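Heads up, query30.cif below (mmCIF, C-alpha atoms):
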```cif
data_entry
#
loop_
_atom_site.label_atom_id
_atom_site.label_comp_id
_atom_site.auth_asym_id
_atom_site.auth_seq_id
_atom_site.Cartn_x
_atom_site.Cartn_y
_atom_site.Cartn_z
CA MET A 13 0.00 0.00 0.00
CA SER A 14 1.39 3.38 -0.99
CA GLU A 15 1.77 6.21 1.51
CA HIS A 16 0.67 8.73 -1.13
CA GLN A 17 -2.98 9.77 -0.97
CA LEU A 18 -5.21 9.16 -3.97
CA GLU A 19 -7.39 12.09 -5.04
CA ILE A 20 -10.47 10.82 -6.90
CA ARG A 21 -12.67 13.11 -8.95
CA THR A 22 -14.82 13.18 -12.08
CA MET A 23 -12.77 13.28 -15.27
CA THR A 24 -12.79 16.29 -17.50
CA ARG A 25 -13.56 15.64 -21.14
CA ALA A 26 -9.83 15.91 -21.93
CA GLU A 27 -9.00 13.40 -19.21
CA LEU A 28 -11.38 10.92 -20.82
CA ASP A 29 -9.05 11.04 -23.83
CA THR A 30 -6.26 9.97 -21.48
CA ALA A 31 -8.32 7.03 -20.24
CA ILE A 32 -9.05 5.98 -23.81
CA ASP A 33 -5.32 6.11 -24.58
CA TRP A 34 -4.73 3.80 -21.61
CA ALA A 35 -7.39 1.44 -22.97
CA ALA A 36 -5.60 1.44 -26.32
CA ASP A 37 -2.32 0.61 -24.59
CA ALA A 38 -4.11 -2.31 -22.89
CA GLY A 39 -5.16 -3.72 -26.26
CA TRP A 40 -8.84 -2.71 -26.26
CA ASN A 41 -8.52 -0.95 -29.65
CA PRO A 42 -10.97 1.93 -29.12
CA GLY A 43 -12.56 3.81 -31.99
CA LEU A 44 -11.09 7.08 -33.19
CA GLY A 45 -14.24 9.03 -32.40
CA ASP A 46 -15.51 7.17 -29.34
CA ALA A 47 -14.85 9.76 -26.66
CA ASP A 48 -17.64 12.23 -27.43
CA CYS A 49 -20.35 9.55 -27.41
CA PHE A 50 -18.91 7.86 -24.34
CA HIS A 51 -18.98 11.19 -22.52
CA VAL A 52 -22.54 12.08 -23.47
CA ALA A 53 -23.79 8.74 -22.08
CA ASP A 54 -23.13 9.99 -18.53
CA PRO A 55 -20.74 12.95 -18.14
CA ASP A 56 -20.42 12.34 -14.39
CA GLY A 57 -19.70 8.63 -14.82
CA TYR A 58 -15.95 8.80 -15.41
CA LEU A 59 -13.64 8.87 -12.40
CA MET A 60 -9.89 9.35 -12.32
CA GLY A 61 -7.54 9.03 -9.36
CA PHE A 62 -4.49 11.27 -9.05
CA VAL A 63 -1.29 10.82 -7.05
CA ASP A 64 0.63 14.04 -6.51
CA GLY A 65 -1.26 15.50 -9.46
CA ARG A 66 -0.47 12.64 -11.84
CA PRO A 67 -3.28 10.52 -13.31
CA ALA A 68 -2.86 7.06 -11.77
CA VAL A 69 -6.09 5.05 -12.11
CA CYS A 70 -9.46 5.37 -13.80
CA ILE A 71 -12.86 3.74 -13.97
CA SER A 72 -16.15 4.40 -15.75
CA VAL A 73 -19.40 3.87 -13.88
CA ILE A 74 -22.13 4.76 -16.35
CA ALA A 75 -25.61 5.10 -14.87
CA TYR A 76 -28.37 4.28 -17.34
CA GLY A 77 -31.34 5.54 -15.39
CA GLN A 78 -32.02 4.46 -11.83
CA ALA A 79 -31.96 0.68 -12.29
CA TYR A 80 -28.92 -0.23 -14.41
CA GLY A 81 -25.29 0.72 -14.80
CA PHE A 82 -22.19 -0.47 -16.63
CA LEU A 83 -18.61 -0.48 -15.41
CA GLY A 84 -15.57 -0.14 -17.64
CA PHE A 85 -12.21 1.58 -18.10
CA TYR A 86 -10.90 -0.01 -14.89
CA ILE A 87 -7.24 0.69 -15.56
CA ALA A 88 -4.16 1.59 -13.55
CA HIS A 89 -1.26 3.36 -15.19
CA PRO A 90 1.78 1.03 -15.13
CA ASP A 91 3.66 3.39 -12.81
CA PHE A 92 0.98 3.03 -10.13
CA ARG A 93 0.05 -0.64 -10.18
CA GLY A 94 0.24 -2.83 -7.10
CA GLN A 95 -0.03 0.10 -4.70
CA GLY A 96 -3.66 -0.19 -3.63
CA TYR A 97 -5.01 2.60 -5.81
CA GLY A 98 -7.12 0.31 -7.99
CA ILE A 99 -9.33 -0.92 -5.17
CA GLN A 100 -9.82 2.65 -3.95
CA ILE A 101 -11.23 3.87 -7.25
CA TRP A 102 -13.20 0.61 -7.62
CA ASP A 103 -14.91 1.23 -4.28
CA ALA A 104 -15.63 4.85 -5.21
CA GLY A 105 -17.11 3.78 -8.52
CA MET A 106 -19.26 1.00 -7.09
CA ALA A 107 -20.62 3.41 -4.48
CA ARG A 108 -21.94 5.61 -7.28
CA PHE A 109 -24.10 2.75 -8.58
CA GLY A 110 -26.09 2.39 -5.37
CA ASP A 111 -28.50 -0.53 -5.70
CA ARG A 112 -28.48 -0.65 -9.52
CA VAL A 113 -27.89 -3.88 -11.41
CA VAL A 114 -24.37 -3.50 -12.82
CA GLY A 115 -22.79 -5.11 -15.88
CA LEU A 116 -19.17 -5.29 -16.99
CA ASP A 117 -16.97 -6.89 -19.63
CA GLY A 118 -13.79 -7.98 -17.91
CA VAL A 119 -10.78 -10.04 -18.85
CA PRO A 120 -11.39 -13.64 -17.76
CA ASP A 121 -8.44 -13.85 -15.37
CA GLN A 122 -10.02 -11.12 -13.24
CA GLN A 123 -13.31 -12.98 -12.77
CA HIS A 124 -12.34 -14.09 -9.28
CA ASN A 125 -11.79 -10.48 -8.22
CA TYR A 126 -15.10 -9.36 -9.67
CA ARG A 127 -16.87 -12.19 -7.87
CA LYS A 128 -15.59 -10.77 -4.59
CA SER A 129 -17.74 -7.72 -5.34
CA GLY A 130 -20.82 -9.82 -6.11
CA PHE A 131 -20.51 -10.19 -9.89
CA GLU A 132 -21.50 -13.46 -11.56
CA LEU A 133 -20.57 -14.72 -15.02
CA ALA A 134 -23.30 -14.51 -17.67
CA HIS A 135 -21.36 -15.47 -20.81
CA ARG A 136 -18.24 -14.74 -22.82
CA ASN A 137 -17.89 -12.20 -25.60
CA VAL A 138 -15.19 -13.09 -28.12
CA ARG A 139 -13.49 -10.61 -30.43
CA TYR A 140 -12.95 -11.89 -33.96
CA GLY A 141 -10.96 -10.06 -36.61
CA GLY A 142 -9.94 -10.21 -40.25
CA PRO A 143 -10.78 -8.75 -43.66
CA ILE A 144 -14.24 -9.38 -45.13
CA ASP A 145 -14.98 -9.44 -48.85
CA PRO A 146 -18.50 -7.97 -49.13
CA GLY A 147 -19.08 -9.39 -52.59
CA GLU A 148 -21.92 -7.54 -54.32
CA THR A 149 -22.42 -3.80 -54.13
CA VAL A 150 -26.19 -3.73 -53.64
CA PHE A 151 -27.75 -5.17 -50.50
CA GLU A 152 -31.50 -5.65 -50.54
CA GLY A 153 -33.30 -3.91 -47.72
CA VAL A 154 -30.23 -2.05 -46.41
CA VAL A 155 -30.56 1.71 -45.97
CA ASP A 156 -28.42 4.42 -44.45
CA ALA A 157 -29.55 4.95 -40.88
CA SER A 158 -29.42 8.70 -41.44
CA ASP A 159 -32.26 8.33 -43.96
CA MET A 160 -34.78 7.14 -41.38
CA PRO A 161 -36.25 8.74 -38.24
CA VAL A 162 -33.86 8.24 -35.35
CA GLU A 163 -36.77 7.42 -33.04
CA ARG A 164 -37.41 4.22 -35.00
CA LEU A 165 -33.83 3.10 -34.51
CA LEU A 166 -33.91 4.02 -30.83
CA ALA A 167 -37.04 1.91 -30.39
CA TYR A 168 -35.37 -1.06 -32.07
CA ASP A 169 -32.17 -0.62 -30.04
CA ARG A 170 -34.16 -0.56 -26.80
CA ASP A 171 -34.85 -4.30 -27.09
CA PHE A 172 -31.14 -5.03 -26.75
CA PHE A 173 -30.23 -3.03 -23.66
CA PRO A 174 -31.50 -3.23 -20.07
CA ALA A 175 -32.25 0.50 -19.82
CA ASP A 176 -32.75 3.55 -21.98
CA ARG A 177 -29.49 4.69 -23.59
CA GLY A 178 -30.97 7.16 -26.02
CA ALA A 179 -28.39 9.91 -25.45
CA PHE A 180 -25.54 7.56 -26.28
CA THR A 181 -27.27 5.92 -29.25
CA ARG A 182 -28.26 9.25 -30.82
CA CYS A 183 -24.59 10.21 -30.79
CA TRP A 184 -23.44 6.77 -31.97
CA LEU A 185 -25.69 6.99 -35.02
CA LYS A 186 -24.29 10.34 -36.15
CA PRO A 187 -22.21 10.02 -39.32
CA GLN A 188 -19.18 12.09 -38.31
CA SER A 189 -16.89 9.15 -37.54
CA ARG A 190 -19.16 6.14 -37.97
CA VAL A 191 -21.39 4.61 -40.64
CA ALA A 192 -24.73 3.14 -39.55
CA LYS A 193 -26.90 0.89 -41.70
CA ALA A 194 -30.40 -0.43 -41.03
CA LEU A 195 -32.11 -3.45 -42.53
CA VAL A 196 -35.77 -2.96 -43.41
CA THR A 197 -38.13 -5.89 -44.01
CA ASP A 198 -41.77 -5.29 -44.98
CA GLY A 199 -41.46 -1.69 -43.83
CA GLU A 200 -40.11 -2.54 -40.38
CA ILE A 201 -36.57 -2.41 -39.01
CA SER A 202 -35.21 -5.94 -38.76
CA GLY A 203 -31.64 -5.09 -37.83
CA TYR A 204 -28.99 -2.41 -37.68
CA GLY A 205 -25.25 -2.10 -37.34
CA VAL A 206 -22.55 0.53 -36.99
CA ILE A 207 -18.96 0.45 -38.25
CA ARG A 208 -16.23 2.82 -37.12
CA GLN A 209 -12.53 3.24 -37.65
CA CYS A 210 -10.39 2.20 -34.69
CA ARG A 211 -6.72 2.51 -33.73
CA ASP A 212 -6.30 -0.76 -35.65
CA GLY A 213 -8.71 -1.42 -38.51
CA TYR A 214 -12.47 -1.09 -38.15
CA LYS A 215 -14.98 -2.36 -35.63
CA ILE A 216 -18.62 -3.29 -36.13
CA GLY A 217 -20.74 -2.67 -33.07
CA PRO A 218 -23.49 -3.01 -32.43
CA LEU A 219 -24.73 -5.64 -34.86
CA PHE A 220 -28.35 -6.50 -34.07
CA ALA A 221 -30.61 -8.49 -36.38
CA ASP A 222 -33.77 -10.54 -36.21
CA THR A 223 -32.26 -13.37 -38.28
CA PRO A 224 -28.81 -14.75 -39.10
CA ALA A 225 -29.40 -13.93 -42.77
CA GLY A 226 -30.15 -10.33 -41.86
CA ALA A 227 -26.97 -10.11 -39.81
CA ASP A 228 -24.98 -11.48 -42.73
CA THR A 229 -26.43 -8.87 -45.08
CA LEU A 230 -25.59 -6.06 -42.67
CA VAL A 231 -22.04 -7.33 -42.12
CA ARG A 232 -21.36 -7.31 -45.85
CA ALA A 233 -22.93 -3.88 -46.32
CA LEU A 234 -20.87 -2.45 -43.47
CA ALA A 235 -17.69 -4.22 -44.60
CA ARG A 236 -17.68 -2.12 -47.77
CA GLU A 237 -16.79 0.87 -45.60
CA ALA A 238 -13.53 -0.78 -44.52
CA GLY A 239 -12.08 -0.95 -48.03
CA GLY A 240 -10.57 -4.37 -47.45
CA GLY A 241 -9.07 -3.46 -44.08
CA MET A 242 -9.21 -5.45 -40.87
CA ILE A 243 -12.67 -5.70 -39.32
CA PHE A 244 -13.37 -6.66 -35.71
CA LEU A 245 -16.65 -7.94 -34.33
CA ASP A 246 -17.52 -8.94 -30.75
CA PRO A 247 -20.25 -11.62 -30.77
CA PRO A 248 -21.61 -13.17 -27.57
CA GLU A 249 -20.46 -16.77 -27.43
CA PRO A 250 -23.94 -18.23 -26.68
CA ASN A 251 -25.16 -17.03 -30.10
CA ALA A 252 -24.06 -19.97 -32.22
CA ALA A 253 -25.28 -18.27 -35.40
CA ALA A 254 -23.07 -15.26 -34.67
CA ILE A 255 -20.02 -17.45 -34.16
CA ALA A 256 -20.85 -19.31 -37.38
CA LEU A 257 -21.08 -15.98 -39.22
CA VAL A 258 -17.61 -14.75 -38.24
CA GLU A 259 -16.08 -18.17 -38.86
CA ARG A 260 -17.70 -18.31 -42.30
CA TYR A 261 -15.77 -15.17 -43.26
CA GLY A 262 -12.55 -16.56 -41.84
CA LEU A 263 -12.29 -14.14 -38.93
CA ALA A 264 -10.01 -15.34 -36.13
CA PRO A 265 -10.54 -14.97 -32.37
CA SER A 266 -8.08 -12.57 -30.78
CA PHE A 267 -9.50 -11.42 -27.44
CA GLU A 268 -12.33 -12.23 -25.09
CA THR A 269 -14.17 -10.80 -22.13
CA ALA A 270 -16.34 -12.17 -19.39
CA ARG A 271 -19.76 -10.48 -19.32
CA MET A 272 -20.69 -10.38 -15.66
CA TYR A 273 -23.52 -8.85 -13.67
CA LYS A 274 -24.00 -7.82 -10.09
CA GLY A 275 -27.67 -8.33 -9.29
CA THR A 276 -30.24 -10.05 -11.46
CA ALA A 277 -28.87 -10.48 -14.96
CA PRO A 278 -31.10 -8.79 -17.57
CA ASP A 279 -33.01 -10.97 -20.01
CA LEU A 280 -31.63 -9.80 -23.35
CA PRO A 281 -32.12 -11.30 -26.84
CA THR A 282 -28.68 -12.87 -27.20
CA HIS A 283 -29.90 -14.85 -30.23
CA ARG A 284 -30.42 -11.53 -32.06
CA THR A 285 -27.17 -9.98 -30.84
CA PHE A 286 -24.44 -10.65 -33.39
CA GLY A 287 -22.03 -8.04 -32.05
CA ILE A 288 -22.10 -6.04 -28.83
CA THR A 289 -21.83 -2.26 -29.00
CA THR A 290 -18.66 -1.71 -26.94
CA PHE A 291 -16.78 -3.50 -24.19
CA GLU A 292 -16.50 -0.19 -22.33
CA LEU A 293 -20.17 0.86 -22.17
CA GLY A 294 -22.05 -2.39 -22.78
#
```
Using the file provided, produce a representation of the structure as structure tokens.
Amino acid sequence: MSEHQLEIRTMTRAELDTAIDWAADAGWNPGLGDADCFHVADPDGYLMGFVDGRPAVCISVIAYGQAYGFLGFYIAHPDFRGQGYGIQIWDAGMARFGDRVVGLDGVPDQQHNYRKSGFELAHRNVRYGGPIDPGETVFEGVVDASDMPVERLLAYDRDFFPADRGAFTRCWLKPQSRVAKALVTDGEISGYGVIRQCRDGYKIGPLFADTPAGADTLVRALAREAGGGMIFLDPPEPNAAAIALVERYGLAPSFETARMYKGTAPDLPTHRTFGITTFELG
């Protein structure tokens, strides 16, 4: 335990950029334009701990309403590891959640530590990566998300998350640094996905679809935006159709997380979830 006191406070927007750089150094491969949308999800939900004025540890504790929250960005700078600062910011972050159900995506070898705080394993999410040849140039039923009312997409997205995350999703659908596509069947949304450029290649997330065929169509439509570059997708392991999809395109597993919950795990349509949105915010 270090003799230096840890000062914990809410991050500034600029300090969130520092946390995202730390996540990149840890191999999480964040998107180039993630920070603004992460921040709008809950501006008070990002904590950083300082030692003698230097940023030492961070955590995100995003409150989605009064009943659900998601924990991420639990990182210690290498210069400050093993000195007891991590548990201090963990305790401060967990206190902010109150009695909410809390989710996280953590590296598997930390599961035992998360269990000490009451988290239980729900399933694994596995990151797959590789180039995807989209084939044809016209994809039946696929439209630019910007061409349809955002409220329709928000309503569809709501099925896949335990609480309202409209502020985040509105930002995530904006075309500045991401491309969003929706699949329309008989006049109704039957899936949507977003692709964005990351530190390494491109990442698709979320990828939600009512059917495996719909997910396949969206993947190919989104893959055109990558121009043959590396594409990463994070399917939940229990969705066998999602795993079959990434394997069909020859994507290889490179990273995995343990999706864990403290409290009653939400009942989400895993069979329609072909790629989670982000490891950091759920």
Just to confirm, what's the straight-line distance from atom CA of Asp111 of chain A to atom CA of Thr24 of chain A in Å (one decimal)?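 Taking atom CA of Asp111 of chain A and atom CA of Thr24 of chain A, their separation equals 25.9 Å.
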Atom CA of Arg25 of chain A to atom CA of Ala107 of chain A: how many Å, to one decimal?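 Computing it gives 21.8 Å between the two atoms.
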Given the file above and the PyMOL selection byres ((chain A and resi 242-259) around 6), which residues are selected, and can you give them as a PyMOL selection string? chain A and resi 136-143+213-216+241+260-263+283+286-288
Please provide as an mmCIF file with C-alpha atoms, in the coordinates of the input all residues within 7 Å of Ala75 of chain A, with the sequence filter that same-chain residues fewer than 4 positions apart are discarded (counting only C-alpha atoms).
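Saved file selection.cif follows:
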```
data_model
loop_
_atom_site.group_PDB
_atom_site.id
_atom_site.type_symbol
_atom_site.label_atom_id
_atom_site.label_comp_id
_atom_site.auth_asym_id
_atom_site.auth_seq_id
_atom_site.Cartn_x
_atom_site.Cartn_y
_atom_site.Cartn_z
ATOM 1 C CA ASP A 54 -23.130 9.990 -18.530
ATOM 2 C CA GLY A 57 -19.700 8.630 -14.820
ATOM 3 C CA TYR A 80 -28.920 -0.230 -14.410
ATOM 4 C CA GLY A 81 -25.290 0.720 -14.800
ATOM 5 C CA PHE A 82 -22.190 -0.470 -16.630
ATOM 6 C CA PHE A 109 -24.100 2.750 -8.580
#
```
Write out as a short mmCIF file (atom, residue, chain, number, x, y, z; two decimals) with C-alpha atoms, keeping the file's coordinate frame each polymer residue whose atoms come within 10 Å of Thr276 of chain A, counting all atoms listed in the file; drop sequence neighbours fewer than 6 positions from it.
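Ended up saving to selection.cif:
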```cif
data_model
loop_
_atom_site.label_atom_id
_atom_site.label_comp_id
_atom_site.auth_asym_id
_atom_site.auth_seq_id
_atom_site.Cartn_x
_atom_site.Cartn_y
_atom_site.Cartn_z
CA ARG A 112 -28.48 -0.65 -9.52
CA VAL A 113 -27.89 -3.88 -11.41
CA VAL A 114 -24.37 -3.50 -12.82
CA GLY A 115 -22.79 -5.11 -15.88
CA PHE A 131 -20.51 -10.19 -9.89
CA GLU A 132 -21.50 -13.46 -11.56
#
```
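With only C-alpha atoms as the atoms that count, the minimum distance from Gly294 of chain A to the choices A:Gly84, A:Pro146, A:Pro161, A:Pro42 is reached by A:Gly84.
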Using only C-alpha atoms, which of A:Val154, A:Ala53, A:Leu219, A:Leu28 sits nearest Ile207 of chain A?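 Going through A:Val154, A:Ala53, A:Leu219, A:Leu28 one by one, the smallest distance to Ile207 of chain A is for A:Leu219.
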Expected selection from the PyMOL selection byres ((chain A and resi 67) around 10), given as a ChimeraX atom specification: /A:18-20,27,30-31,60-66,68-70,88-89,91-92
What is the distance, in Å and to one decimal place, between atom CA of Ala167 of chain A and atom CA of Ala235 of chain A?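 Atom CA of Ala167 of chain A sits 24.8 Å away from atom CA of Ala235 of chain A.
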Would you please take segment 98-131 of chain A of the structure in the block above and write N, CA and C atoms to a file as a PDB file, in the first residue's frame?
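Output contents, as saved in result-v9.pdb:
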```
ATOM      1  N   GLY A  98      -6.033   0.890  -7.209  1.00  0.00           N
ATOM      2  CA  GLY A  98      -7.120   0.314  -7.990  1.00  0.00           C
ATOM      3  C   GLY A  98      -8.349   0.032  -7.158  1.00  0.00           C
ATOM      4  N   ILE A  99      -8.173  -0.585  -6.003  1.00  0.00           N
ATOM      5  CA  ILE A  99      -9.328  -0.922  -5.168  1.00  0.00           C
ATOM      6  C   ILE A  99      -9.995   0.338  -4.628  1.00  0.00           C
ATOM      7  N   GLN A 100      -9.222   1.398  -4.431  1.00  0.00           N
ATOM      8  CA  GLN A 100      -9.818   2.648  -3.948  1.00  0.00           C
ATOM      9  C   GLN A 100     -10.770   3.245  -4.981  1.00  0.00           C
ATOM     10  N   ILE A 101     -10.338   3.282  -6.236  1.00  0.00           N
ATOM     11  CA  ILE A 101     -11.230   3.867  -7.245  1.00  0.00           C
ATOM     12  C   ILE A 101     -12.366   2.901  -7.572  1.00  0.00           C
ATOM     13  N   TRP A 102     -12.116   1.588  -7.452  1.00  0.00           N
ATOM     14  CA  TRP A 102     -13.197   0.605  -7.620  1.00  0.00           C
ATOM     15  C   TRP A 102     -14.296   0.862  -6.592  1.00  0.00           C
ATOM     16  N   ASP A 103     -13.915   1.013  -5.339  1.00  0.00           N
ATOM     17  CA  ASP A 103     -14.907   1.231  -4.281  1.00  0.00           C
ATOM     18  C   ASP A 103     -15.665   2.539  -4.504  1.00  0.00           C
ATOM     19  N   ALA A 104     -14.963   3.576  -4.940  1.00  0.00           N
ATOM     20  CA  ALA A 104     -15.628   4.855  -5.212  1.00  0.00           C
ATOM     21  C   ALA A 104     -16.610   4.710  -6.363  1.00  0.00           C
ATOM     22  N   GLY A 105     -16.221   3.974  -7.383  1.00  0.00           N
ATOM     23  CA  GLY A 105     -17.108   3.775  -8.521  1.00  0.00           C
ATOM     24  C   GLY A 105     -18.328   2.954  -8.167  1.00  0.00           C
ATOM     25  N   MET A 106     -18.131   1.855  -7.459  1.00  0.00           N
ATOM     26  CA  MET A 106     -19.257   1.004  -7.090  1.00  0.00           C
ATOM     27  C   MET A 106     -20.233   1.748  -6.183  1.00  0.00           C
ATOM     28  N   ALA A 107     -19.729   2.637  -5.349  1.00  0.00           N
ATOM     29  CA  ALA A 107     -20.617   3.412  -4.478  1.00  0.00           C
ATOM     30  C   ALA A 107     -21.553   4.288  -5.296  1.00  0.00           C
ATOM     31  N   ARG A 108     -21.096   4.754  -6.441  1.00  0.00           N
ATOM     32  CA  ARG A 108     -21.941   5.605  -7.282  1.00  0.00           C
ATOM     33  C   ARG A 108     -23.133   4.840  -7.833  1.00  0.00           C
ATOM     34  N   PHE A 109     -23.006   3.533  -8.012  1.00  0.00           N
ATOM     35  CA  PHE A 109     -24.098   2.750  -8.580  1.00  0.00           C
ATOM     36  C   PHE A 109     -25.252   2.542  -7.604  1.00  0.00           C
ATOM     37  N   GLY A 110     -25.007   2.645  -6.322  1.00  0.00           N
ATOM     38  CA  GLY A 110     -26.087   2.386  -5.370  1.00  0.00           C
ATOM     39  C   GLY A 110     -26.589   0.959  -5.501  1.00  0.00           C
ATOM     40  N   ASP A 111     -27.921   0.816  -5.613  1.00  0.00           N
ATOM     41  CA  ASP A 111     -28.497  -0.531  -5.696  1.00  0.00           C
ATOM     42  C   ASP A 111     -28.840  -0.932  -7.130  1.00  0.00           C
ATOM     43  N   ARG A 112     -28.246  -0.275  -8.122  1.00  0.00           N
ATOM     44  CA  ARG A 112     -28.482  -0.653  -9.516  1.00  0.00           C
ATOM     45  C   ARG A 112     -27.914  -2.046  -9.818  1.00  0.00           C
ATOM     46  N   VAL A 113     -28.538  -2.738 -10.767  1.00  0.00           N
ATOM     47  CA  VAL A 113     -27.891  -3.879 -11.405  1.00  0.00           C
ATOM     48  C   VAL A 113     -26.727  -3.329 -12.226  1.00  0.00           C
ATOM     49  N   VAL A 114     -25.570  -4.002 -12.156  1.00  0.00           N
ATOM     50  CA  VAL A 114     -24.372  -3.496 -12.825  1.00  0.00           C
ATOM     51  C   VAL A 114     -23.793  -4.583 -13.725  1.00  0.00           C
ATOM     52  N   GLY A 115     -23.461  -4.209 -14.954  1.00  0.00           N
ATOM     53  CA  GLY A 115     -22.785  -5.110 -15.877  1.00  0.00           C
ATOM     54  C   GLY A 115     -21.360  -4.673 -16.122  1.00  0.00           C
ATOM     55  N   LEU A 116     -20.531  -5.611 -16.566  1.00  0.00           N
ATOM     56  CA  LEU A 116     -19.174  -5.288 -16.992  1.00  0.00           C
ATOM     57  C   LEU A 116     -18.689  -6.346 -17.976  1.00  0.00           C
ATOM     58  N   ASP A 117     -17.709  -5.965 -18.779  1.00  0.00           N
ATOM     59  CA  ASP A 117     -16.972  -6.892 -19.631  1.00  0.00           C
ATOM     60  C   ASP A 117     -15.532  -6.871 -19.155  1.00  0.00           C
ATOM     61  N   GLY A 118     -15.125  -7.935 -18.478  1.00  0.00           N
ATOM     62  CA  GLY A 118     -13.788  -7.977 -17.914  1.00  0.00           C
ATOM     63  C   GLY A 118     -12.959  -9.098 -18.493  1.00  0.00           C
ATOM     64  N   VAL A 119     -11.641  -8.955 -18.387  1.00  0.00           N
ATOM     65  CA  VAL A 119     -10.776 -10.036 -18.845  1.00  0.00           C
ATOM     66  C   VAL A 119     -11.006 -11.251 -17.951  1.00  0.00           C
ATOM     67  N   PRO A 120     -11.012 -12.446 -18.530  1.00  0.00           N
ATOM     68  CA  PRO A 120     -11.388 -13.640 -17.765  1.00  0.00           C
ATOM     69  C   PRO A 120     -10.555 -13.882 -16.514  1.00  0.00           C
ATOM     70  N   ASP A 121      -9.258 -13.533 -16.538  1.00  0.00           N
ATOM     71  CA  ASP A 121      -8.437 -13.849 -15.370  1.00  0.00           C
ATOM     72  C   ASP A 121      -8.710 -12.931 -14.186  1.00  0.00           C
ATOM     73  N   GLN A 122      -9.610 -11.968 -14.359  1.00  0.00           N
ATOM     74  CA  GLN A 122     -10.023 -11.121 -13.242  1.00  0.00           C
ATOM     75  C   GLN A 122     -11.393 -11.510 -12.689  1.00  0.00           C
ATOM     76  N   GLN A 123     -11.970 -12.592 -13.226  1.00  0.00           N
ATOM     77  CA  GLN A 123     -13.308 -12.984 -12.774  1.00  0.00           C
ATOM     78  C   GLN A 123     -13.360 -13.188 -11.268  1.00  0.00           C
ATOM     79  N   HIS A 124     -12.316 -13.796 -10.718  1.00  0.00           N
ATOM     80  CA  HIS A 124     -12.343 -14.091  -9.279  1.00  0.00           C
ATOM     81  C   HIS A 124     -12.388 -12.806  -8.456  1.00  0.00           C
ATOM     82  N   ASN A 125     -11.733 -11.752  -8.937  1.00  0.00           N
ATOM     83  CA  ASN A 125     -11.787 -10.479  -8.219  1.00  0.00           C
ATOM     84  C   ASN A 125     -13.165  -9.839  -8.328  1.00  0.00           C
ATOM     85  N   TYR A 126     -13.777  -9.935  -9.508  1.00  0.00           N
ATOM     86  CA  TYR A 126     -15.104  -9.356  -9.671  1.00  0.00           C
ATOM     87  C   TYR A 126     -16.137 -10.112  -8.838  1.00  0.00           C
ATOM     88  N   ARG A 127     -15.941 -11.414  -8.694  1.00  0.00           N
ATOM     89  CA  ARG A 127     -16.867 -12.193  -7.866  1.00  0.00           C
ATOM     90  C   ARG A 127     -16.833 -11.727  -6.414  1.00  0.00           C
ATOM     91  N   LYS A 128     -15.692 -11.265  -5.963  1.00  0.00           N
ATOM     92  CA  LYS A 128     -15.587 -10.770  -4.591  1.00  0.00           C
ATOM     93  C   LYS A 128     -16.513  -9.579  -4.361  1.00  0.00           C
ATOM     94  N   SER A 129     -16.833  -8.865  -5.437  1.00  0.00           N
ATOM     95  CA  SER A 129     -17.741  -7.716  -5.339  1.00  0.00           C
ATOM     96  C   SER A 129     -19.169  -8.079  -5.710  1.00  0.00           C
ATOM     97  N   GLY A 130     -19.450  -9.376  -5.862  1.00  0.00           N
ATOM     98  CA  GLY A 130     -20.819  -9.816  -6.111  1.00  0.00           C
ATOM     99  C   GLY A 130     -21.183 -10.036  -7.558  1.00  0.00           C
ATOM    100  N   PHE A 131     -20.223  -9.966  -8.474  1.00  0.00           N
ATOM    101  CA  PHE A 131     -20.512 -10.186  -9.892  1.00  0.00           C
ATOM    102  C   PHE A 131     -20.515 -11.676 -10.206  1.00  0.00           C
TER     103      PHE A 131
END
```
